[in-house]
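Visitor: I am sharing my_file_6.pdb, which consists of PDB, C-alpha atoms and all ligand atoms:
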```pdb
ATOM      1  CA  MET V   1     184.914  56.977 -37.134
ATOM      2  CA  HIS V   2     184.560  59.562 -39.862
ATOM      3  CA  GLY V   3     181.343  61.460 -39.855
ATOM      4  CA  PHE V   4     181.077  61.534 -43.645
ATOM      5  CA  SER V   5     177.853  62.986 -44.863
ATOM      6  CA  GLU V   6     177.053  61.776 -48.353
ATOM      7  CA  ILE V   7     178.564  64.128 -50.901
ATOM      8  CA  TYR V   8     175.959  64.619 -53.465
ATOM      9  CA  GLU V   9     176.539  65.599 -57.022
ATOM     10  CA  MET V  10     173.936  66.149 -59.679
ATOM     11  CA  ILE V  11     175.091  65.847 -63.281
ATOM     12  CA  VAL V  12     173.706  67.930 -66.127
ATOM     13  CA  VAL V  13     173.802  66.003 -69.409
ATOM     14  CA  GLU V  14     173.178  67.475 -72.837
ATOM     15  CA  THR V  15     173.532  64.504 -75.133
ATOM     16  CA  VAL V  16     171.622  61.259 -75.483
ATOM     17  CA  ASP V  17     174.828  59.201 -75.705
ATOM     18  CA  LYS V  18     176.171  60.512 -72.402
ATOM     19  CA  LEU V  19     172.833  60.051 -70.704
ATOM     20  CA  ARG V  20     172.653  56.465 -71.957
ATOM     21  CA  ALA V  21     176.207  55.756 -70.749
ATOM     22  CA  PHE V  22     175.483  57.076 -67.225
ATOM     23  CA  LEU V  23     172.261  55.108 -67.003
ATOM     24  CA  ALA V  24     173.820  51.901 -68.355
ATOM     25  CA  ALA V  25     176.345  52.100 -65.526
ATOM     26  CA  ALA V  26     173.576  52.643 -62.960
ATOM     27  CA  ARG V  27     171.574  49.760 -64.328
ATOM     28  CA  ALA V  28     174.610  47.469 -64.318
ATOM     29  CA  GLU V  29     174.646  48.058 -60.556
ATOM     30  CA  GLY V  30     171.020  46.950 -60.432
ATOM     31  CA  LYS V  31     169.690  50.446 -59.767
ATOM     32  CA  SER V  32     166.114  51.436 -60.571
ATOM     33  CA  VAL V  33     165.533  54.580 -62.598
ATOM     34  CA  GLY V  34     162.761  57.173 -62.270
ATOM     35  CA  LEU V  35     162.116  59.787 -64.962
ATOM     36  CA  VAL V  36     160.421  63.157 -64.477
ATOM     37  CA  PRO V  37     159.835  64.799 -67.880
ATOM     38  CA  THR V  38     159.511  68.588 -67.649
ATOM     39  CA  MET V  39     159.773  71.689 -69.791
ATOM     40  CA  GLY V  40     161.586  73.531 -67.002
ATOM     41  CA  ALA V  41     160.495  76.719 -65.207
ATOM     42  CA  LEU V  42     160.118  74.361 -62.304
ATOM     43  CA  HIS V  43     157.815  74.969 -59.345
ATOM     44  CA  GLU V  44     156.575  73.069 -56.301
ATOM     45  CA  GLY V  45     154.368  70.922 -58.525
ATOM     46  CA  HIS V  46     157.421  69.589 -60.339
ATOM     47  CA  ALA V  47     159.234  69.340 -57.022
ATOM     48  CA  SER V  48     156.546  66.959 -55.757
ATOM     49  CA  LEU V  49     157.127  64.687 -58.776
ATOM     50  CA  VAL V  50     160.882  64.723 -58.258
ATOM     51  CA  GLN V  51     160.537  64.027 -54.538
ATOM     52  CA  ARG V  52     158.309  61.073 -55.292
ATOM     53  CA  SER V  53     160.773  59.726 -57.858
ATOM     54  CA  VAL V  54     163.720  60.177 -55.491
ATOM     55  CA  ALA V  55     161.790  58.286 -52.798
ATOM     56  CA  GLU V  56     160.809  55.422 -55.115
ATOM     57  CA  ASN V  57     163.923  54.939 -57.298
ATOM     58  CA  ASP V  58     167.686  54.613 -56.864
ATOM     59  CA  VAL V  59     168.348  57.108 -59.652
ATOM     60  CA  THR V  60     166.201  60.049 -60.750
ATOM     61  CA  VAL V  61     166.519  61.682 -64.164
ATOM     62  CA  VAL V  62     164.736  64.981 -64.781
ATOM     63  CA  SER V  63     164.479  66.149 -68.362
ATOM     64  CA  VAL V  64     164.281  69.889 -68.985
ATOM     65  CA  PHE V  65     163.315  70.490 -72.576
ATOM     66  CA  VAL V  66     160.866  72.954 -74.090
ATOM     67  CA  ASN V  67     159.559  70.660 -76.790
ATOM     68  CA  PRO V  68     158.778  72.650 -79.941
ATOM     69  CA  THR V  69     156.667  69.930 -81.575
ATOM     70  CA  GLN V  70     153.932  70.194 -78.938
ATOM     71  CA  PHE V  71     153.379  73.938 -79.418
ATOM     72  CA  ASN V  72     150.776  74.755 -82.027
ATOM     73  CA  ASP V  73     151.219  78.472 -81.299
ATOM     74  CA  LYS V  74     154.628  79.958 -82.115
ATOM     75  CA  GLY V  75     154.104  82.891 -79.744
ATOM     76  CA  ASP V  76     153.338  80.492 -76.908
ATOM     77  CA  LEU V  77     156.610  78.627 -77.602
ATOM     78  CA  GLU V  78     158.580  81.877 -77.636
ATOM     79  CA  ARG V  79     156.945  83.155 -74.439
ATOM     80  CA  TYR V  80     157.444  79.877 -72.575
ATOM     81  CA  PRO V  81     159.679  80.654 -69.547
ATOM     82  CA  ARG V  82     163.225  79.230 -69.587
ATOM     83  CA  THR V  83     165.100  79.173 -66.270
ATOM     84  CA  LEU V  84     167.665  76.351 -66.461
ATOM     85  CA  ASP V  85     170.041  77.649 -63.754
ATOM     86  CA  ALA V  86     167.279  78.062 -61.185
ATOM     87  CA  ASP V  87     165.827  74.695 -62.241
ATOM     88  CA  CYS V  88     169.178  72.960 -61.652
ATOM     89  CA  ALA V  89     169.560  74.577 -58.231
ATOM     90  CA  LEU V  90     166.121  73.305 -57.210
ATOM     91  CA  LEU V  91     166.718  69.832 -58.658
ATOM     92  CA  SER V  92     170.035  69.487 -56.894
ATOM     93  CA  SER V  93     168.412  70.408 -53.566
ATOM     94  CA  LEU V  94     165.738  67.755 -54.176
ATOM     95  CA  GLY V  95     168.254  64.964 -54.784
ATOM     96  CA  ALA V  96     167.825  64.452 -58.535
ATOM     97  CA  ASN V  97     170.820  62.617 -60.016
ATOM     98  CA  TYR V  98     170.752  63.645 -63.673
ATOM     99  CA  VAL V  99     169.284  66.617 -65.482
ATOM    100  CA  PHE V 100     168.870  65.912 -69.169
ATOM    101  CA  ALA V 101     168.832  69.304 -70.905
ATOM    102  CA  PRO V 102     169.355  68.656 -74.614
ATOM    103  CA  SER V 103     169.219  71.086 -77.526
ATOM    104  CA  VAL V 104     166.421  70.882 -80.082
ATOM    105  CA  GLU V 105     168.954  69.492 -82.623
ATOM    106  CA  GLU V 106     169.954  66.729 -80.224
ATOM    107  CA  VAL V 107     166.377  65.528 -79.831
ATOM    108  CA  TYR V 108     165.258  66.197 -83.398
ATOM    109  CA  PRO V 109     168.299  65.743 -85.676
ATOM    110  CA  GLU V 110     165.664  65.317 -88.360
ATOM    111  CA  PRO V 111     161.958  66.161 -88.179
ATOM    112  CA  ASP V 112     159.905  63.621 -86.271
ATOM    113  CA  THR V 113     157.254  62.502 -88.744
ATOM    114  CA  ARG V 114     155.581  59.965 -86.477
ATOM    115  CA  VAL V 115     151.816  60.330 -86.247
ATOM    116  CA  PHE V 116     150.004  58.924 -83.234
ATOM    117  CA  ASP V 117     146.334  58.182 -82.817
ATOM    118  CA  PHE V 118     144.942  58.019 -79.309
ATOM    119  CA  ALA V 119     141.271  58.146 -80.255
ATOM    120  CA  PRO V 120     139.012  58.894 -78.554
ATOM    121  CA  LEU V 121     141.238  60.388 -75.840
ATOM    122  CA  ASP V 122     142.906  62.976 -78.074
ATOM    123  CA  LYS V 123     139.768  64.038 -79.950
ATOM    124  CA  VAL V 124     138.339  66.179 -77.135
ATOM    125  CA  MET V 125     139.334  69.241 -75.064
ATOM    126  CA  GLU V 126     143.041  70.073 -75.628
ATOM    127  CA  GLY V 127     142.947  67.825 -78.682
ATOM    128  CA  VAL V 128     140.358  70.132 -80.254
ATOM    129  CA  TYR V 129     141.850  73.471 -79.191
ATOM    130  CA  ARG V 130     145.529  72.577 -79.633
ATOM    131  CA  PRO V 131     145.669  70.495 -82.823
ATOM    132  CA  GLY V 132     148.873  68.466 -82.970
ATOM    133  CA  HIS V 133     149.706  69.135 -79.320
ATOM    134  CA  PHE V 134     149.365  65.566 -78.100
ATOM    135  CA  ASN V 135     151.164  64.223 -81.146
ATOM    136  CA  GLY V 136     154.116  66.400 -80.120
ATOM    137  CA  VAL V 137     153.834  65.275 -76.506
ATOM    138  CA  ALA V 138     153.829  61.642 -77.628
ATOM    139  CA  GLN V 139     156.860  62.280 -79.846
ATOM    140  CA  ILE V 140     158.962  63.730 -77.060
ATOM    141  CA  VAL V 141     157.773  61.480 -74.252
ATOM    142  CA  SER V 142     158.293  58.326 -76.334
ATOM    143  CA  LYS V 143     161.810  59.536 -77.217
ATOM    144  CA  LEU V 144     162.544  60.197 -73.530
ATOM    145  CA  PHE V 145     161.256  56.731 -72.639
ATOM    146  CA  MET V 146     163.562  55.230 -75.299
ATOM    147  CA  TYR V 147     166.601  57.204 -74.091
ATOM    148  CA  VAL V 148     166.082  56.651 -70.360
ATOM    149  CA  GLU V 149     164.197  53.325 -70.237
ATOM    150  CA  PRO V 150     162.865  54.260 -66.818
ATOM    151  CA  ASP V 151     161.201  51.877 -64.396
ATOM    152  CA  ARG V 152     158.768  54.638 -63.456
ATOM    153  CA  ALA V 153     157.803  57.961 -65.042
ATOM    154  CA  TYR V 154     156.065  60.743 -63.137
ATOM    155  CA  PHE V 155     153.443  63.158 -64.470
ATOM    156  CA  GLY V 156     151.148  65.679 -62.799
ATOM    157  CA  GLU V 157     147.368  65.278 -62.736
ATOM    158  CA  LYS V 158     146.972  68.950 -63.603
ATOM    159  CA  ASP V 159     147.518  67.885 -67.219
ATOM    160  CA  PHE V 160     144.753  65.354 -66.812
ATOM    161  CA  GLN V 161     144.274  64.602 -70.497
ATOM    162  CA  GLN V 162     148.022  64.359 -71.091
ATOM    163  CA  LEU V 163     148.317  61.776 -68.321
ATOM    164  CA  ALA V 164     145.544  59.644 -69.835
ATOM    165  CA  ILE V 165     147.155  59.877 -73.268
ATOM    166  CA  ILE V 166     150.604  58.952 -71.984
ATOM    167  CA  ARG V 167     149.134  55.896 -70.255
ATOM    168  CA  GLU V 168     147.513  54.964 -73.587
ATOM    169  CA  MET V 169     150.782  55.536 -75.458
ATOM    170  CA  VAL V 170     152.611  53.252 -73.021
ATOM    171  CA  ARG V 171     149.946  50.612 -73.607
ATOM    172  CA  GLN V 172     150.012  50.974 -77.410
ATOM    173  CA  LEU V 173     153.807  50.987 -77.753
ATOM    174  CA  GLY V 174     154.390  48.361 -75.068
ATOM    175  CA  PHE V 175     156.824  50.362 -72.916
ATOM    176  CA  LYS V 176     157.773  48.424 -69.805
ATOM    177  CA  LEU V 177     157.379  51.102 -67.218
ATOM    178  CA  GLN V 178     154.934  52.358 -64.651
ATOM    179  CA  VAL V 179     153.278  55.735 -65.261
ATOM    180  CA  VAL V 180     152.785  57.443 -61.899
ATOM    181  CA  GLY V 181     150.182  60.227 -61.745
ATOM    182  CA  CYS V 182     150.717  62.769 -58.965
ATOM    183  CA  PRO V 183     148.127  65.127 -57.433
ATOM    184  CA  ILE V 184     147.828  68.801 -58.439
ATOM    185  CA  VAL V 185     149.850  71.111 -56.205
ATOM    186  CA  ARG V 186     148.163  74.436 -55.450
ATOM    187  CA  GLU V 187     149.182  77.761 -54.004
ATOM    188  CA  LYS V 188     147.724  78.376 -50.526
ATOM    189  CA  ASP V 189     144.930  80.390 -52.124
ATOM    190  CA  GLY V 190     144.041  77.540 -54.503
ATOM    191  CA  LEU V 191     145.651  78.534 -57.816
ATOM    192  CA  ALA V 192     147.028  75.410 -59.490
ATOM    193  CA  LEU V 193     150.794  75.688 -59.872
ATOM    194  CA  SER V 194     151.922  76.137 -63.453
ATOM    195  CA  SER V 195     155.077  77.345 -65.134
ATOM    196  CA  ARG V 196     152.820  79.774 -66.973
ATOM    197  CA  ASN V 197     151.806  81.485 -63.710
ATOM    198  CA  THR V 198     155.084  83.401 -63.865
ATOM    199  CA  LEU V 199     153.764  85.092 -67.020
ATOM    200  CA  LEU V 200     150.799  86.601 -65.123
ATOM    201  CA  THR V 201     150.921  90.214 -63.957
ATOM    202  CA  PRO V 202     150.101  90.694 -60.236
ATOM    203  CA  GLU V 203     146.576  91.800 -61.234
ATOM    204  CA  GLN V 204     146.117  88.801 -63.532
ATOM    205  CA  ARG V 205     147.360  86.525 -60.762
ATOM    206  CA  ILE V 206     144.442  87.734 -58.601
ATOM    207  CA  THR V 207     141.972  87.423 -61.487
ATOM    208  CA  ALA V 208     143.155  83.875 -62.227
ATOM    209  CA  LEU V 209     142.141  82.814 -58.726
ATOM    210  CA  ALA V 210     138.522  82.759 -59.895
ATOM    211  CA  ILE V 211     139.332  79.545 -61.801
ATOM    212  CA  SER V 212     140.126  77.334 -58.808
ATOM    213  CA  LYS V 213     137.587  79.151 -56.607
ATOM    214  CA  THR V 214     134.846  78.387 -59.134
ATOM    215  CA  LEU V 215     135.901  74.747 -59.445
ATOM    216  CA  PHE V 216     135.879  74.302 -55.663
ATOM    217  CA  ALA V 217     132.504  76.054 -55.376
ATOM    218  CA  SER V 218     131.159  73.713 -58.062
ATOM    219  CA  LEU V 219     131.914  70.700 -55.846
ATOM    220  CA  ASP V 220     129.296  71.868 -53.322
ATOM    221  CA  TYR V 221     126.968  73.076 -56.049
ATOM    222  CA  ALA V 222     127.108  69.646 -57.678
ATOM    223  CA  LYS V 223     125.684  68.010 -54.546
ATOM    224  CA  LEU V 224     122.320  69.731 -55.129
ATOM    225  CA  HIS V 225     122.290  70.296 -58.876
ATOM    226  CA  THR V 226     122.354  68.319 -62.082
ATOM    227  CA  LEU V 227     125.528  67.964 -64.094
ATOM    228  CA  THR V 228     124.180  70.334 -66.742
ATOM    229  CA  GLU V 229     123.354  72.967 -64.116
ATOM    230  CA  THR V 230     126.776  72.590 -62.525
ATOM    231  CA  LYS V 231     128.488  72.944 -65.877
ATOM    232  CA  GLN V 232     126.477  76.095 -66.582
ATOM    233  CA  MET V 233     127.339  77.504 -63.170
ATOM    234  CA  VAL V 234     131.062  77.126 -63.876
ATOM    235  CA  GLU V 235     130.785  78.502 -67.404
ATOM    236  CA  GLN V 236     128.791  81.546 -66.242
ATOM    237  CA  ALA V 237     131.092  82.276 -63.293
ATOM    238  CA  ILE V 238     134.151  82.310 -65.539
ATOM    239  CA  ALA V 239     132.415  84.223 -68.339
ATOM    240  CA  GLY V 240     131.311  86.772 -65.738
ATOM    241  CA  THR V 241     134.837  87.372 -64.458
ATOM    242  CA  GLU V 242     136.470  90.319 -66.155
ATOM    243  CA  GLY V 243     139.899  89.431 -67.497
ATOM    244  CA  LEU V 244     139.112  85.735 -67.999
ATOM    245  CA  GLU V 245     138.048  84.076 -71.215
ATOM    246  CA  LEU V 246     136.750  80.532 -71.042
ATOM    247  CA  GLU V 247     138.025  78.230 -73.766
ATOM    248  CA  TYR V 248     136.150  75.161 -72.552
ATOM    249  CA  TYR V 249     134.785  73.488 -69.503
ATOM    250  CA  GLU V 250     134.058  69.800 -69.986
ATOM    251  CA  VAL V 251     132.757  67.329 -67.442
ATOM    252  CA  VAL V 252     134.100  63.966 -68.541
ATOM    253  CA  ASP V 253     134.460  60.324 -67.672
ATOM    254  CA  GLY V 254     137.895  60.191 -66.041
ATOM    255  CA  ASN V 255     138.854  57.066 -67.987
ATOM    256  CA  THR V 256     137.529  57.734 -71.492
ATOM    257  CA  LEU V 257     137.614  61.573 -71.315
ATOM    258  CA  GLN V 258     134.263  61.632 -73.107
ATOM    259  CA  PRO V 259     131.654  64.130 -71.853
ATOM    260  CA  VAL V 260     129.079  62.723 -69.447
ATOM    261  CA  ALA V 261     125.480  63.935 -69.269
ATOM    262  CA  SER V 262     124.508  62.955 -65.736
ATOM    263  CA  TRP V 263     126.213  62.296 -62.400
ATOM    264  CA  ASP V 264     124.931  58.708 -62.571
ATOM    265  CA  ASP V 265     126.592  57.933 -65.922
ATOM    266  CA  THR V 266     129.859  56.686 -64.421
ATOM    267  CA  ASP V 267     131.658  56.512 -61.083
ATOM    268  CA  TYR V 268     134.716  58.562 -62.141
ATOM    269  CA  ILE V 269     133.857  62.141 -63.172
ATOM    270  CA  VAL V 270     136.298  65.007 -63.664
ATOM    271  CA  GLY V 271     135.722  68.618 -64.721
ATOM    272  CA  CYS V 272     138.464  69.971 -66.980
ATOM    273  CA  ILE V 273     138.802  73.665 -67.675
ATOM    274  CA  THR V 274     140.949  75.897 -69.873
ATOM    275  CA  VAL V 275     140.850  79.644 -69.452
ATOM    276  CA  TYR V 276     142.773  82.523 -70.963
ATOM    277  CA  CYS V 277     143.896  85.181 -68.537
ATOM    278  CA  GLY V 278     145.116  87.823 -70.955
ATOM    279  CA  LYS V 279     147.430  85.866 -73.269
ATOM    280  CA  VAL V 280     148.225  83.257 -70.648
ATOM    281  CA  ARG V 281     146.491  79.931 -71.117
ATOM    282  CA  LEU V 282     145.722  78.218 -67.820
ATOM    283  CA  ILE V 283     144.306  74.753 -67.208
ATOM    284  CA  ASP V 284     142.893  73.119 -64.108
ATOM    285  CA  ASN V 285     140.603  70.257 -63.170
ATOM    286  CA  ILE V 286     138.526  68.915 -60.335
ATOM    287  CA  ARG V 287     137.274  65.457 -59.496
ATOM    288  CA  TYR V 288     133.542  65.198 -58.691
ATOM    289  CA  LYS V 289     133.477  61.467 -58.026
TER     290      LYS V 289
HETATM  291  O1  LIG D 301     153.781  68.382 -69.118
HETATM  292  C1  LIG D 301     154.809  68.852 -69.655
HETATM  293  O2  LIG D 301     155.528  69.651 -69.085
HETATM  294  C2  LIG D 301     155.170  68.410 -71.063
HETATM  295  O3  LIG D 301     154.044  68.231 -71.842
HETATM  296  C3  LIG D 301     156.066  67.161 -71.079
HETATM  297  C4  LIG D 301     155.344  65.946 -70.529
HETATM  298  C5  LIG D 301     157.323  67.402 -70.288
HETATM  299  C6  LIG D 301     156.467  66.831 -72.527
HETATM  300  O4  LIG D 301     157.166  67.887 -73.108
END
```
Will you turn the file into structure tokens for me?
Guide:
Amino acid sequence: MHGFSEIYEMIVVETVDKLRAFLAAARAEGKSVGLVPTMGALHEGHASLVQRSVAENDVTVVSVFVNPTQFNDKGDLERYPRTLDADCALLSSLGANYVFAPSVEEVYPEPDTRVFDFAPLDKVMEGVYRPGHFNGVAQIVSKLFMYVEPDRAYFGEKDFQQLAIIREMVRQLGFKLQVVGCPIVREKDGLALSSRNTLLTPEQRITALAISKTLFASLDYAKLHTLTETKQMVEQAIAGTEGLELEYYEVVDGNTLQPVASWDDTDYIVGCITVYCGKVRLIDNIRYK
């Protein structure tokens, strides 16, 4: 008896044609395919998505692509961390099968002029502060769905609005796949993991902690206070923290993403926050019910 341990090889693919050829072969063998779309600079949050895909599918594809069409701020696009070698090392250790890391020209040989409308989901929060952002997300995610044709696609709940919009896009365009939302992964001290955290100075990293701390504190506060009072408590706590600048805090119906006025309005209520810590834009959210 040979004690062969499975020799595992992850393949990095840069072109759509090659990716399609690999996946056609996998599918011909009846294999299921999971897709984890990312912009790289991977952390434990991404790792949890990949682990889930590896557990639930025969083949896992992870895309690593900093999608220019979803950045409405050129500086933000330029600053976005790019760490492909480290990303590949992590993905290989997690058991991903294919990393799709295309160039911008490969994905957008000509400008993508498609315009999506996800009203009312894209007319609030990020949709207001990052005009065009979700259109860009829909452009890239729909392209990835067309290239990969996954059985399941995995997204983090930290980008709560993005997840709702991708579900709506799948419904509108009739993609035959399951969108799997995965819980936020946090540092031990509560900070939600984000690729942007690497852009924080050590001091900013400490300051940024006030975001998750305030959200957690608001859960208890909400038990004894109205929704309006709870919203004010969060807004004041962030405004009162030196080094943080609140962009918005909205308490919304988790399905429609429309603001709710009272805890009794619906049975699914989520608080979504965006805060600048210096130039770094951080988002987080918390479920009240
Ligand atoms: O959430 C992200 O990292 C990006 O918006 C996504 C879904 C990979 C599309 O570029």
Visitor: Would you kindly translate the PyMOL selection byres (((not hetatm)) within 7 of (chain D and resi 301)) into the concrete residues it picks from this file, as a list in words?
Guide: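 Residues picked by the PyMOL selection byres (((not hetatm)) within 7 of (chain D and resi 301)): Pro37, Thr38, Met39, Phe65, Val66, Asn67, Val137, Ile140, Val141, Phe155 and Asp159 of chain V.
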Visitor: Can you build me a table of segment 138-179 of chain V residues sitting at most 10 Å from segment 54-58 of chain V, with the closest atom pair per residue and its distance in Å to one decimal, using only C-alpha atoms, sorted by chain and residue number, as CSV?
Guide:
```
residue,atom,partner,partner_atom,distance
V:Pro150,CA,V:Asn57,CA,9.6
V:Asp151,CA,V:Asn57,CA,8.2
V:Arg152,CA,V:Asn57,CA,8.0
```
Visitor: Would you please work out which residue, of V:Glu235, V:Tyr249, V:Leu224, V:Gly156, is nearest to Trp263 of chain V when using all atoms listed in the file?
Guide: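 Among the listed residues, the smallest separation from Trp263 of chain V belongs to V:Leu224.
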Visitor: Looking at all atoms listed in the file, which of V:Thr198, V:Ser218, V:Ser32, V:Gln51 is the one that sits closest to Thr83 of chain V?
Guide: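 Among the listed residues, the smallest separation from Thr83 of chain V belongs to V:Thr198.
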Visitor: Got a sec: who's within 12 Å of Ile206 of chain V, counting all atoms listed in the file, leaving out chain neighbours fewer than 3 positions off, as a PDB file with C-alpha atoms, in the coordinates of the input?
Guide:
```
ATOM      1  CA  GLU V 187     149.182  77.761 -54.004  1.00  0.00           C
ATOM      2  CA  ASP V 189     144.930  80.390 -52.124  1.00  0.00           C
ATOM      3  CA  GLY V 190     144.041  77.540 -54.503  1.00  0.00           C
ATOM      4  CA  LEU V 191     145.651  78.534 -57.816  1.00  0.00           C
ATOM      5  CA  ASN V 197     151.806  81.485 -63.710  1.00  0.00           C
ATOM      6  CA  LEU V 200     150.799  86.601 -65.123  1.00  0.00           C
ATOM      7  CA  THR V 201     150.921  90.214 -63.957  1.00  0.00           C
ATOM      8  CA  PRO V 202     150.101  90.694 -60.236  1.00  0.00           C
ATOM      9  CA  GLU V 203     146.576  91.800 -61.234  1.00  0.00           C
ATOM     10  CA  LEU V 209     142.141  82.814 -58.726  1.00  0.00           C
ATOM     11  CA  ALA V 210     138.522  82.759 -59.895  1.00  0.00           C
ATOM     12  CA  ILE V 211     139.332  79.545 -61.801  1.00  0.00           C
ATOM     13  CA  SER V 212     140.126  77.334 -58.808  1.00  0.00           C
ATOM     14  CA  LYS V 213     137.587  79.151 -56.607  1.00  0.00           C
ATOM     15  CA  THR V 241     134.837  87.372 -64.458  1.00  0.00           C
ATOM     16  CA  GLU V 242     136.470  90.319 -66.155  1.00  0.00           C
ATOM     17  CA  GLY V 243     139.899  89.431 -67.497  1.00  0.00           C
ATOM     18  CA  LEU V 244     139.112  85.735 -67.999  1.00  0.00           C
ATOM     19  CA  CYS V 277     143.896  85.181 -68.537  1.00  0.00           C
TER      20      CYS V 277
END
```
Visitor: Restricting the calculation to all atoms listed in the file, which member of V:Val252, V:Ala41, V:Ala261, V:Ala208 is positioned closest to Thr228 of chain V?
Guide: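 Checking each of V:Val252, V:Ala41, V:Ala261, V:Ala208 against Thr228 of chain V, counting all atoms listed in the file, the winner is V:Ala261.
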Visitor: Skip His133 of chain V itself and residues of its chain fewer than 4 positions away, then list as a PyMOL selection string all residues within 9 Å of it, counting all atoms listed in the file.
Guide: chain V and resi 69-72+126-127+129+137-138
Visitor: Kindly provide, as number ranges by chain, the polymer residues lying within 9 Å of (145.1, 66.0, -82.9), counting all atoms listed in the file and using the coordinates exactly as they appear in the file.
Guide: V: 116-118, 122-124, 126-135
Visitor: Figure out the distance between atom CA of Tyr108 of chain V and atom CA of Gly95 of chain V, please, to one decimal in Å.
Guide: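 These two atoms are separated by 28.8 Å.
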Visitor: Would you mind listing what lies within 10 Å of Gly40 of chain V as a VMD selection string, with all atoms listed in the file counted and same-chain residues fewer than 6 positions away left out?
Guide: chain V and resid 46 62 to 66 80 to 88 101 195
Visitor: Out of V:Gly34, V:Gly75, V:Gly136, V:Gly240, which residue has the shortest atom-to-atom distance to Thr60 of chain V when counting all atoms listed in the file?
Guide: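 Ranking V:Gly34, V:Gly75, V:Gly136, V:Gly240 by distance to Thr60 of chain V, first place goes to V:Gly34.
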Visitor: Pick the closest to Val50 of chain V from V:Tyr154, V:Val104, V:Leu144, V:Pro111: which is it, counting only C-alpha atoms?
Guide: V:Tyr154
Visitor: Find the distance between atom CA of Leu121 of chain V and atom CA of Gln162 of chain V and write it in Å to one decimal.
Guide: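 Separation of atom CA of Leu121 of chain V and atom CA of Gln162 of chain V: 9.2 Å.
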Visitor: I'd like the interatomic distance between atom CA of Ile11 of chain V and atom CA of Arg79 of chain V, to a tenth of an Å.
Guide: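 Interatomic distance, atom CA of Ile11 of chain V to atom CA of Arg79 of chain V: 27.4 Å.
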Visitor: Written as a ChimeraX atom specification, which residues does the PyMOL selection byres (((chain V and resi 146) around 12) and not hetatm) give for the file shown?
Guide: /V:16-17,19-20,35,107,138-145,147-151,170,173-177
Visitor: Between V:Pro183, V:Pro259, V:Pro120, V:Gly30, which one has atoms that come closest to Glu168 of chain V, using only C-alpha atoms?
Guide: V:Pro120
Visitor: Any idea what's packed within 9 Å of Glu247 of chain V, counting only C-alpha atoms, ignoring anything in its chain fewer than 6 positions away? Could you give it as a ChimeraX atom specification?
Guide: /V:129,273-276
